[in-house]
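Chemist: Before anything else, here's the structure in question.
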Amino acid sequence: MDVIVCVKQIPDPETPAAAFKVDEAAMQVLPAQGISPVISPFDAQAVEAALRIKDASGDGTVNIISLGPDSARDAIKHSLAMGADEGYHLKDDAFEGGDAWTIALALSKAIQHLGVPDVLIFGRQAADWDQGTVGSIVAELLDLPSATVLRAVELSGDSITVSRVVADGFENIELSTPCVLTISNEFGDPRYPQLRQIMQAARKQVTELTAADLGLDASEVGSAGSRIQMHALFQPTSDVEVEIIEGDSPEEKAAGLVNALREAKIL
Amino acid sequence: MTESAESKRKTSATSTGKRVSALAIPAWLPLGGILLVSGAETVRVTGAHRELFFNIDHFWVLYMLLPFVIGIIVYGLVRRSRVWRLGKPSFNFDNMPQRLARVLKGGAGTERVLSDPYSGVMHLCIMTSMIVLFLVTALLAIDDYIPVDILVGPRYLGYSLVADIFGLVGIVGVAMAIAHRWVRPRTAWLPTWEDWLILGGLGMLLVTGFIVEGLRIHTSEIDVHPEWSYWSPVGYVVALMFSGVRISAALDIHTTFWWIHMVGALSWITLLGYSKLNHLVLAPANAFLKRTSAPGKLDMIENIEEQEHFGVSQLEHFTMKQIFELDVCVRCGRCTDNCPADIAGQPLSPMHIIQDLKSYATSVGEQKVANLVQGNDLNFGLDDEAPMVGGVVRDESLWACRTCGACVEACPVFIEHVPTIVDMRRSLVMEEARMPDTVQGTLETLERQGHPWRGTPYTRESWMEGFEDQVPEWTGEQDYLYFVGCTGAFVDRAQEITRSVVSLLREADVSFGVIKGMESCNGDPARRLGHEYLYQILAEGLIELFNETGVNDEQKTVITHCPHCFNTFLNEYPDMGAKFQVIHHTQLLEQLVDEGRLVPSADVPEQTITYHDSCYLGRHNDIFEAPRRILEQVPNVTLIEMPRNREQGLCCGAGGGNMWMEEQGKSRVNEVRVEEAVATGAEAACTACPFCIQMFDSGIGTVQLDVEDEDKLKVLDVAELLQAAAVSERQADA
């Protein structure tokens, strides 16, 4: 069974809050010193899901597509080290400043360019902007059935049975292929690459594709094609004030607490 | 070792000499005894002697058997050596004087065996008895071959006395060894057929020897020369026991026992080639082969990108020395008795790892040898065997190792368990990518963020906040670089200690600086966790930073905050091209106190303190006294020791990457150690390692759960206590 996984490189979500900075004027996140960008954790889980599908079906390929700057190659290489077969890097200045729509458009063109596989997998959302829309937009653009936020994926003959995470439990669905899946963190940890695979991945060629290669005009993608406009980017501040309720007995303290909560209009 | 590394080791050599036991000498005393007695011809004993091969015909059969016996022994050892030679060649003959001294002291002198009183005495009894009785027998033979009679008169009687005494000493030793296996049960103890065959055989030889002697005295000496018999006291007593037996019957019994004794002796000695009795030969050889570099150093995998395999997953991936030393193990169990994981009831026994690998080397190793001989593939017919890593040695045992080196320190036959364990971890991590989630998380954080503290809310500069102007930036001009390290920067409790060290360095006007924000992990956790490749990447990165900033210079010294950084810089970075000198903060602080640049005069509260040795400062690098001397200089401090201290210090539980793992087992190592510290009655425990501090803090939380906060054991770094006593108010306020 052939699978394509779309992955995104993001600033390390483990970056400590103190090292996280934004340039409010340029409306950009500043890279933290000494902390390299990483593959979005949900996307690493998507790669894991794809590798398990390939293993279970016994044949097929797992190919990786990523759209992003030069450094996005590292996210592709990481996926290759985990065991994926080929990597495709959508790299073009024209892609810069895009939104979920333009990225989904470019990805869907790339998928058509490579040939629509049996299964298309995404992380449930990129762990930087957390919009969680690209997978669903691609499904719409390619007119494929989709299931999102999955905790389990199982092959049953030519169809696929999945389990979605929903607010009050799980929802099991059967899909025909080809289809689009997005993987949630409940799926489980991605594998740690073996050193030999890291070294092989380092030597592997990643194919670069531009907007023109995909038959896209510069006006359709990047900031030119964006449907979302950003108006401001800032780090919210949260102030915590601590008030100690004094009192001689627990009863007195409790009464004081109730009064304080009433004053704050919480009770 | 390069010259610069050599000189660096000297900088850290504030070591105490190992305790040398003089007990090993008595093995050589009996010869002196013979000479002494022979000089004192005071008794009427002229002509005293005995007849060799008394009452024995066909004694030449013995001489016929001798070449066979030697052949059988040599065959056993040579056959076994084919399994050793499956490994990679690894002969290193550096530092010959140290190696030879170790053979004499540790091999022939059995220095480490003697460190345990009971088994030390037991072993000494058996060993001296065997040496003396061998010499006695040899002397008798020599006396027979040469034309002059040496063993006559008083010389003979002295000789006879010495032989009797040491026969008795041997019986005592064997009895102690047998009792040991019942009376003194040990966690690691597993006697097998070997133990009973060796001990039973030796006991039988000693007893039959006395029976033969007693019968000879009864039949030929006691009636004629009773005054001679007194010089064979044990034989004399045996002779009295036989006094009712008719002489002709006694002569028959004598012949029977003589042959049992002689054939038994020759059979028993063949065990040398086939059982753990081979430690007579192999243990001194292993004393020679043991590395001479610092015990905490791990070997580098050269050209790692071109290797066919990473670490050890097959027997033949080990070095010859690693396979050889499996056979040296005598199952004494001292490694396991001293292993922090085993003490805490966790799934690791170094002795069982060595023994299980030894069995594997016997079954699978010999099959591999046969495959080689027959020209088959090395692994022919071995598909159904359990894998060595994960089957014979379980993953959880490998992960439970703290690399603290207590096993290596305790081993009387110089086995090095830690490199063997780490080699198998390397295979787990790099070859199979099979590891606990916590290890994976730590390695990923090291890869991505250059430190092991996943989820820390801090940055490398957080510890300086509100303190920046007190911390001089490294310019390349100062004498010392203060390398804060990851824990000193990313863990809040350790940040306080980092600030204490800076205050002390400023108080003493030390010329130092800090590379702000640009430090990265030196790779120690990755290396100990088995990810040698990640270690090399991190180390290359840091060396590059040190080159760019002028740190990597023989004139510059790096002060490390953490003993683990210290060990890696001092012992392992020379392999990566490091030239700088290394000093641990406690060493430098001790020097500063010594030179009067820090004066611990302030009136700190009266307190009793116990010092906990960090493994990587103490056992691995011999720095036991510097931190203690600082504590002794602080007014009102009384220093007391835990029972396990210095070379025998118990790990806090964090070493070998266990700082970032979940512990499995009955209890936690840090709780065991905290209980030991609390039991001393000390008010505070002092240490010099940021990991130990954290392990103590968390251990106190559970061990002293019900104790009021102010009565709980306090945990301090040596630097914090010194700061309280030696940093002036002016600076402390600033």
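Residue numbering restarts at 1 in every chain; chains get A, B, ... in the order shown in the structure tokens, and ligands count up from 1 in that same order.
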Please produce, as a tab-separated table, a per-residue contact table for chain A versus chain B (criterion: any atom at most 12 Å away, only C-alpha atoms considered), showing the nearest atom pair and its distance in Å to one decimal, sorted by chain then residue number.
Modeler:
residue	atom	partner	partner_atom	distance
A:Pro11	CA	B:Arg448	CA	10.4
A:Asp12	CA	B:Arg448	CA	7.8
A:Pro13	CA	B:Gly455	CA	9.5
A:Glu14	CA	B:Gly455	CA	6.0
A:Thr15	CA	B:Gly455	CA	7.9
A:Pro16	CA	B:Pro457	CA	4.7
A:Ala17	CA	B:Pro457	CA	6.3
A:Ala18	CA	B:Tyr458	CA	6.4
A:Ala19	CA	B:Thr459	CA	6.3
A:Phe20	CA	B:Thr459	CA	10.0
A:Ala32	CA	B:Gln449	CA	9.9
A:Gln33	CA	B:Gly517	CA	8.2
A:Gly34	CA	B:Gln449	CA	6.5
A:Ile35	CA	B:Gln449	CA	4.8
A:Ser36	CA	B:Arg448	CA	5.8
A:Pro37	CA	B:Arg448	CA	7.7
A:Val38	CA	B:Arg448	CA	7.5
A:Ile39	CA	B:Arg448	CA	10.6
A:Pro41	CA	B:Glu444	CA	11.7
A:Asp74	CA	B:Arg448	CA	11.6
A:His78	CA	B:Glu444	CA	11.8
A:Ala81	CA	B:Ala433	CA	11.5
A:Met82	CA	B:Ala433	CA	10.3
A:Gly188	CA	B:Asp437	CA	11.0
A:Asp189	CA	B:Asp437	CA	8.4
A:Pro190	CA	B:Gln440	CA	10.3
A:Arg191	CA	B:Ala433	CA	7.8
A:Tyr192	CA	B:Ala433	CA	5.7
A:Pro193	CA	B:Ala433	CA	6.2
A:Gln194	CA	B:Ala433	CA	5.0
A:Leu195	CA	B:Met430	CA	4.9
A:Arg196	CA	B:Glu431	CA	7.1
A:Gln197	CA	B:Glu431	CA	9.3
A:Ile198	CA	B:Met430	CA	9.8
A:Met199	CA	B:Glu305	CA	7.4
A:Gln200	CA	B:Glu305	CA	10.2
A:Ala202	CA	B:Glu305	CA	11.2
A:Arg203	CA	B:Glu305	CA	11.7
Chemist: For those residues, write N, CA and C atoms to a file as a compact mmCIF listing (two decimals), in the first residue's frame.
Modeler:
# COMPACT_ATOMS: atom_id res chain seq x y z
N PRO A 11 9.38 25.50 14.93
CA PRO A 11 10.28 25.73 16.07
C PRO A 11 10.01 24.67 17.14
N ASP A 12 11.04 24.20 17.80
CA ASP A 12 10.88 23.13 18.79
C ASP A 12 9.84 23.51 19.84
N PRO A 13 8.74 22.75 19.93
CA PRO A 13 7.74 23.10 20.94
C PRO A 13 8.25 22.99 22.37
N GLU A 14 9.40 22.32 22.55
CA GLU A 14 9.99 22.21 23.90
C GLU A 14 10.79 23.46 24.26
N THR A 15 10.87 24.42 23.34
CA THR A 15 11.60 25.65 23.64
C THR A 15 11.04 26.28 24.91
N PRO A 16 11.91 26.55 25.90
CA PRO A 16 11.37 27.15 27.12
C PRO A 16 10.75 28.51 26.84
N ALA A 17 9.68 28.82 27.58
CA ALA A 17 8.94 30.06 27.35
C ALA A 17 9.88 31.27 27.37
N ALA A 18 10.90 31.21 28.24
CA ALA A 18 11.80 32.36 28.38
C ALA A 18 12.60 32.60 27.10
N ALA A 19 12.80 31.55 26.28
CA ALA A 19 13.59 31.71 25.07
C ALA A 19 12.72 32.00 23.85
N PHE A 20 11.39 31.99 24.06
CA PHE A 20 10.47 32.19 22.93
C PHE A 20 10.24 33.68 22.73
N ALA A 32 14.85 30.60 18.38
CA ALA A 32 15.53 30.63 19.68
C ALA A 32 16.99 30.20 19.49
N GLN A 33 17.88 30.88 20.21
CA GLN A 33 19.31 30.60 20.07
C GLN A 33 19.64 29.17 20.51
N GLY A 34 20.36 28.46 19.67
CA GLY A 34 20.86 27.14 20.05
C GLY A 34 19.81 26.04 20.01
N ILE A 35 18.60 26.37 19.60
CA ILE A 35 17.56 25.33 19.54
C ILE A 35 17.12 25.20 18.09
N SER A 36 17.41 24.04 17.49
CA SER A 36 17.11 23.90 16.06
C SER A 36 15.64 23.56 15.86
N PRO A 37 15.09 23.96 14.70
CA PRO A 37 13.70 23.58 14.40
C PRO A 37 13.59 22.07 14.25
N VAL A 38 12.38 21.56 14.46
CA VAL A 38 12.18 20.10 14.43
C VAL A 38 10.97 19.76 13.59
N ILE A 39 10.81 18.48 13.28
CA ILE A 39 9.59 18.02 12.63
C ILE A 39 8.46 18.14 13.65
N PRO A 41 5.73 17.28 16.06
CA PRO A 41 5.58 15.96 16.70
C PRO A 41 4.40 15.15 16.14
N ASP A 74 15.62 19.03 6.80
CA ASP A 74 15.92 18.21 7.99
C ASP A 74 14.71 17.41 8.46
N HIS A 78 14.66 13.47 8.65
CA HIS A 78 14.26 12.74 9.86
C HIS A 78 13.25 11.65 9.51
N ALA A 81 15.01 8.87 7.86
CA ALA A 81 15.75 8.07 8.84
C ALA A 81 14.82 7.13 9.59
N MET A 82 13.58 7.58 9.79
CA MET A 82 12.63 6.68 10.47
C MET A 82 12.28 5.49 9.58
N GLY A 188 0.50 7.24 19.61
CA GLY A 188 1.68 6.61 20.25
C GLY A 188 2.96 7.25 19.74
N ASP A 189 4.05 6.91 20.43
CA ASP A 189 5.32 7.56 20.12
C ASP A 189 5.89 7.12 18.78
N PRO A 190 6.45 8.06 18.04
CA PRO A 190 7.15 7.67 16.82
C PRO A 190 8.44 6.94 17.15
N ARG A 191 8.89 6.11 16.23
CA ARG A 191 10.12 5.35 16.49
C ARG A 191 11.34 6.26 16.49
N TYR A 192 12.37 5.79 17.21
CA TYR A 192 13.64 6.51 17.23
C TYR A 192 14.49 5.91 16.12
N PRO A 193 15.03 6.73 15.22
CA PRO A 193 15.74 6.14 14.08
C PRO A 193 17.00 5.38 14.51
N GLN A 194 17.28 4.28 13.81
CA GLN A 194 18.54 3.58 14.04
C GLN A 194 19.66 4.37 13.39
N LEU A 195 20.85 4.28 13.97
CA LEU A 195 21.96 5.09 13.47
C LEU A 195 22.25 4.80 12.00
N ARG A 196 22.13 3.52 11.63
CA ARG A 196 22.41 3.17 10.24
C ARG A 196 21.44 3.88 9.30
N GLN A 197 20.17 3.96 9.73
CA GLN A 197 19.17 4.63 8.90
C GLN A 197 19.43 6.14 8.83
N ILE A 198 19.91 6.73 9.94
CA ILE A 198 20.23 8.16 9.93
C ILE A 198 21.32 8.41 8.89
N MET A 199 22.32 7.52 8.88
CA MET A 199 23.43 7.69 7.94
C MET A 199 22.98 7.48 6.49
N GLN A 200 22.11 6.49 6.30
CA GLN A 200 21.59 6.28 4.93
C GLN A 200 20.75 7.46 4.49
N ALA A 202 21.04 10.49 5.42
CA ALA A 202 21.89 11.64 5.15
C ALA A 202 22.42 11.60 3.72
N ARG A 203 22.58 10.41 3.19
CA ARG A 203 23.15 10.28 1.84
C ARG A 203 22.06 10.33 0.76
Chemist: Which of these residues is nearest to Val149 of chain A, using only C-alpha atoms: A:Val7, A:Ala104, A:Leu267, A:Ala46?
Modeler: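 Of the candidates, the smallest distance to Val149 of chain A is held by A:Ala46.
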Chemist: Just the strand (DSSP E or B) stuff from segment 45-251 of chain A, please, per backbone DSSP, written as number ranges by chain.
Modeler: A: 62-67, 86-90, 119-123, 146-156, 159-166, 169-175, 179-183, 206-209
Chemist: When you look at Gly173 of chain B with a cut-off of 6 Å (counting only C-alpha atoms), what residues show up, excluding the ones that are within fewer than 4 positions of it in the same chain? I need them as an NGL selection string.
Modeler: :B and (122 or 125-126)
Chemist: Convert the current residue selection to file output with C-alpha atoms, as an mmCIF file, in the first residue's frame.
Modeler:
data_model
loop_
_atom_site.group_PDB
_atom_site.id
_atom_site.type_symbol
_atom_site.label_atom_id
_atom_site.label_comp_id
_atom_site.auth_asym_id
_atom_site.auth_seq_id
_atom_site.Cartn_x
_atom_site.Cartn_y
_atom_site.Cartn_z
ATOM 1 C CA MET B 122 39.919 -17.857 53.816
ATOM 2 C CA CYS B 125 44.790 -19.790 54.078
ATOM 3 C CA ILE B 126 44.097 -21.843 50.972
#
Chemist: Between segment 197-311 of chain B and segment 320-344 of chain B, at 10 Å or less, what are the per-residue closest atom pairs and their distances in Å? Count only C-alpha atoms, order by chain and rising residue number, and return it as JSON lines.
Modeler:
{"residue": "B:Ser275", "atom": "CA", "partner": "B:Asp327", "partner_atom": "CA", "distance": 8.9}
{"residue": "B:Lys276", "atom": "CA", "partner": "B:Val330", "partner_atom": "CA", "distance": 5.7}
{"residue": "B:Leu277", "atom": "CA", "partner": "B:Val330", "partner_atom": "CA", "distance": 8.1}
{"residue": "B:Asn278", "atom": "CA", "partner": "B:Val328", "partner_atom": "CA", "distance": 7.4}
{"residue": "B:His279", "atom": "CA", "partner": "B:Val328", "partner_atom": "CA", "distance": 5.6}
{"residue": "B:Leu280", "atom": "CA", "partner": "B:Val328", "partner_atom": "CA", "distance": 9.2}
{"residue": "B:Val281", "atom": "CA", "partner": "B:Val328", "partner_atom": "CA", "distance": 8.9}
{"residue": "B:Leu282", "atom": "CA", "partner": "B:Val328", "partner_atom": "CA", "distance": 5.7}
{"residue": "B:Ala283", "atom": "CA", "partner": "B:Val328", "partner_atom": "CA", "distance": 5.9}
{"residue": "B:Pro284", "atom": "CA", "partner": "B:Val328", "partner_atom": "CA", "distance": 9.5}
{"residue": "B:Ala285", "atom": "CA", "partner": "B:Val328", "partner_atom": "CA", "distance": 9.1}
{"residue": "B:Asn286", "atom": "CA", "partner": "B:Glu325", "partner_atom": "CA", "distance": 6.7}
{"residue": "B:Leu289", "atom": "CA", "partner": "B:Lys321", "partner_atom": "CA", "distance": 7.3}
{"residue": "B:Lys290", "atom": "CA", "partner": "B:Lys321", "partner_atom": "CA", "distance": 8.5}
Chemist: Got time to write the residues from that selection, all heavy atoms, as a JSON list (two decimals), in the first residue's frame?
Modeler:
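The resulting again-v1.json:
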[["chain", "number", "residue", "atom", "x", "y", "z"],
["B", 275, "SER", "N", 37.89, -25.37, 35.02],
["B", 275, "SER", "CA", 36.96, -24.82, 36.00],
["B", 275, "SER", "C", 37.49, -23.47, 36.45],
["B", 275, "SER", "O", 38.51, -23.00, 35.99],
["B", 275, "SER", "CB", 36.88, -25.74, 37.22],
["B", 275, "SER", "OG", 38.07, -25.61, 37.97],
["B", 276, "LYS", "N", 36.76, -22.88, 37.40],
["B", 276, "LYS", "CA", 37.18, -21.56, 37.85],
["B", 276, "LYS", "C", 38.50, -21.61, 38.65],
["B", 276, "LYS", "O", 39.03, -20.57, 39.01],
["B", 276, "LYS", "CB", 36.08, -20.88, 38.67],
["B", 276, "LYS", "CG", 35.78, -21.52, 40.00],
["B", 276, "LYS", "CD", 34.68, -20.73, 40.70],
["B", 276, "LYS", "CE", 34.53, -21.17, 42.15],
["B", 276, "LYS", "NZ", 33.51, -20.39, 42.86],
["B", 277, "LEU", "N", 39.00, -22.84, 38.86],
["B", 277, "LEU", "CA", 40.34, -22.93, 39.46],
["B", 277, "LEU", "C", 41.36, -22.26, 38.54],
["B", 277, "LEU", "O", 42.45, -21.87, 38.98],
["B", 277, "LEU", "CB", 40.71, -24.40, 39.68],
["B", 277, "LEU", "CG", 41.96, -24.69, 40.50],
["B", 277, "LEU", "CD1", 41.83, -24.13, 41.91],
["B", 277, "LEU", "CD2", 42.26, -26.19, 40.56],
["B", 278, "ASN", "N", 40.97, -22.07, 37.27],
["B", 278, "ASN", "CA", 41.89, -21.41, 36.34],
["B", 278, "ASN", "C", 42.22, -19.98, 36.75],
["B", 278, "ASN", "O", 43.08, -19.35, 36.16],
["B", 278, "ASN", "CB", 41.33, -21.45, 34.91],
["B", 278, "ASN", "CG", 40.02, -20.70, 34.75],
["B", 278, "ASN", "OD1", 39.63, -19.92, 35.62],
["B", 278, "ASN", "ND2", 39.34, -20.95, 33.65],
["B", 279, "HIS", "N", 41.51, -19.45, 37.77],
["B", 279, "HIS", "CA", 41.82, -18.08, 38.19],
["B", 279, "HIS", "C", 43.25, -17.97, 38.73],
["B", 279, "HIS", "O", 43.80, -16.88, 38.79],
["B", 279, "HIS", "CB", 40.80, -17.56, 39.21],
["B", 279, "HIS", "CG", 40.96, -18.11, 40.60],
["B", 279, "HIS", "ND1", 40.42, -19.30, 41.02],
["B", 279, "HIS", "CD2", 41.62, -17.62, 41.68],
["B", 279, "HIS", "CE1", 40.73, -19.50, 42.30],
["B", 279, "HIS", "NE2", 41.47, -18.50, 42.72],
["B", 280, "LEU", "N", 43.85, -19.12, 39.10],
["B", 280, "LEU", "CA", 45.26, -19.11, 39.52],
["B", 280, "LEU", "C", 46.13, -18.49, 38.44],
["B", 280, "LEU", "O", 47.10, -17.79, 38.72],
["B", 280, "LEU", "CB", 45.74, -20.54, 39.76],
["B", 280, "LEU", "CG", 45.72, -21.09, 41.17],
["B", 280, "LEU", "CD1", 44.31, -21.25, 41.69],
["B", 280, "LEU", "CD2", 46.45, -22.43, 41.20],
["B", 281, "VAL", "N", 45.78, -18.77, 37.19],
["B", 281, "VAL", "CA", 46.56, -18.27, 36.06],
["B", 281, "VAL", "C", 45.91, -17.02, 35.47],
["B", 281, "VAL", "O", 46.57, -16.03, 35.16],
["B", 281, "VAL", "CB", 46.67, -19.35, 34.97],
["B", 281, "VAL", "CG1", 47.55, -18.88, 33.83],
["B", 281, "VAL", "CG2", 47.18, -20.65, 35.57],
["B", 282, "LEU", "N", 44.57, -17.08, 35.32],
["B", 282, "LEU", "CA", 43.88, -16.02, 34.59],
["B", 282, "LEU", "C", 43.79, -14.71, 35.37],
["B", 282, "LEU", "O", 43.82, -13.64, 34.78],
["B", 282, "LEU", "CB", 42.48, -16.48, 34.16],
["B", 282, "LEU", "CG", 42.37, -17.76, 33.34],
["B", 282, "LEU", "CD1", 40.98, -17.87, 32.72],
["B", 282, "LEU", "CD2", 43.43, -17.84, 32.26],
["B", 283, "ALA", "N", 43.65, -14.80, 36.69],
["B", 283, "ALA", "CA", 43.46, -13.57, 37.46],
["B", 283, "ALA", "C", 44.70, -12.66, 37.37],
["B", 283, "ALA", "O", 44.56, -11.47, 37.10],
["B", 283, "ALA", "CB", 43.09, -13.88, 38.90],
["B", 284, "PRO", "N", 45.91, -13.20, 37.59],
["B", 284, "PRO", "CA", 47.07, -12.32, 37.42],
["B", 284, "PRO", "C", 47.18, -11.80, 35.98],
["B", 284, "PRO", "O", 47.56, -10.64, 35.77],
["B", 284, "PRO", "CB", 48.27, -13.22, 37.75],
["B", 284, "PRO", "CG", 47.70, -14.30, 38.61],
["B", 284, "PRO", "CD", 46.31, -14.52, 38.11],
["B", 285, "ALA", "N", 46.80, -12.64, 35.01],
["B", 285, "ALA", "CA", 46.84, -12.18, 33.62],
["B", 285, "ALA", "C", 45.86, -11.03, 33.42],
["B", 285, "ALA", "O", 46.16, -10.05, 32.75],
["B", 285, "ALA", "CB", 46.49, -13.32, 32.67],
["B", 286, "ASN", "N", 44.69, -11.13, 34.05],
["B", 286, "ASN", "CA", 43.70, -10.05, 33.90],
["B", 286, "ASN", "C", 44.15, -8.79, 34.64],
["B", 286, "ASN", "O", 43.83, -7.68, 34.22],
["B", 286, "ASN", "CB", 42.33, -10.51, 34.41],
["B", 286, "ASN", "CG", 41.20, -9.80, 33.71],
["B", 286, "ASN", "OD1", 41.28, -9.56, 32.50],
["B", 286, "ASN", "ND2", 40.17, -9.44, 34.45],
["B", 289, "LEU", "N", 46.08, -7.16, 32.10],
["B", 289, "LEU", "CA", 45.35, -6.66, 30.93],
["B", 289, "LEU", "C", 44.44, -5.48, 31.23],
["B", 289, "LEU", "O", 44.07, -4.74, 30.34],
["B", 289, "LEU", "CB", 44.51, -7.80, 30.33],
["B", 289, "LEU", "CG", 45.29, -8.94, 29.67],
["B", 289, "LEU", "CD1", 44.34, -10.05, 29.26],
["B", 289, "LEU", "CD2", 46.05, -8.42, 28.46],
["B", 290, "LYS", "N", 44.05, -5.31, 32.49],
["B", 290, "LYS", "CA", 43.12, -4.23, 32.82],
["B", 290, "LYS", "C", 43.69, -2.89, 32.37],
["B", 290, "LYS", "O", 44.89, -2.65, 32.48],
["B", 290, "LYS", "CB", 42.87, -4.20, 34.33],
["B", 290, "LYS", "CG", 41.77, -3.24, 34.71],
["B", 290, "LYS", "CD", 41.60, -3.15, 36.23],
["B", 290, "LYS", "CE", 40.46, -2.20, 36.53],
["B", 290, "LYS", "NZ", 40.74, -1.25, 37.58]]
Chemist: So which residues of segment 196-338 of chain B fall under alpha helix (DSSP H) by DSSP, listed as a ChimeraX atom specification?
Modeler: /B:196-220,226-229,233-241,247-269,279-289,320-328,334-338
Chemist: Check which residues of segment 149-209 of chain A sit at most 12 Å from segment 108-111 of chain A using only C-alpha atoms, and return one row each with the closest pair of atoms and their distance in Å to one decimal, ordered by chain and rising number, as CSV.
Modeler:
residue,atom,partner,partner_atom,distance
A:Val180,CA,A:Ser108,CA,11.4
A:Thr207,CA,A:Ala110,CA,11.5
A:Glu208,CA,A:Ala110,CA,10.8
A:Leu209,CA,A:Ala110,CA,8.1
Chemist: Go ahead and save the residues from that selection, with N, CA, C and O atoms, as a PDB file, in the first residue's frame.
Modeler:
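Saved file part.pdb follows:
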ATOM      1  N   VAL A 180      -7.736  10.353   3.088  1.00  0.00           N
ATOM      2  CA  VAL A 180      -6.842  11.244   3.844  1.00  0.00           C
ATOM      3  C   VAL A 180      -7.065  10.999   5.335  1.00  0.00           C
ATOM      4  O   VAL A 180      -8.210  10.930   5.790  1.00  0.00           O
ATOM      5  N   THR A 207      14.227  15.309  -3.616  1.00  0.00           N
ATOM      6  CA  THR A 207      13.838  15.993  -4.855  1.00  0.00           C
ATOM      7  C   THR A 207      13.195  17.339  -4.531  1.00  0.00           C
ATOM      8  O   THR A 207      12.271  17.399  -3.710  1.00  0.00           O
ATOM      9  N   GLU A 208      13.700  18.405  -5.135  1.00  0.00           N
ATOM     10  CA  GLU A 208      13.106  19.719  -4.886  1.00  0.00           C
ATOM     11  C   GLU A 208      12.124  20.053  -5.996  1.00  0.00           C
ATOM     12  O   GLU A 208      12.369  19.787  -7.173  1.00  0.00           O
ATOM     13  N   LEU A 209      10.989  20.616  -5.618  1.00  0.00           N
ATOM     14  CA  LEU A 209       9.962  20.994  -6.595  1.00  0.00           C
ATOM     15  C   LEU A 209       9.595  22.460  -6.372  1.00  0.00           C
ATOM     16  O   LEU A 209       9.407  22.895  -5.219  1.00  0.00           O
TER      17      LEU A 209
END
Chemist: Rank nothing, just name the residue among B:Asp469, B:Glu676, B:Asp423, B:Glu548 nearest to Leu529 of chain B, using only C-alpha atoms.
Modeler: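 Of all the options, B:Asp423 lies closest to Leu529 of chain B.
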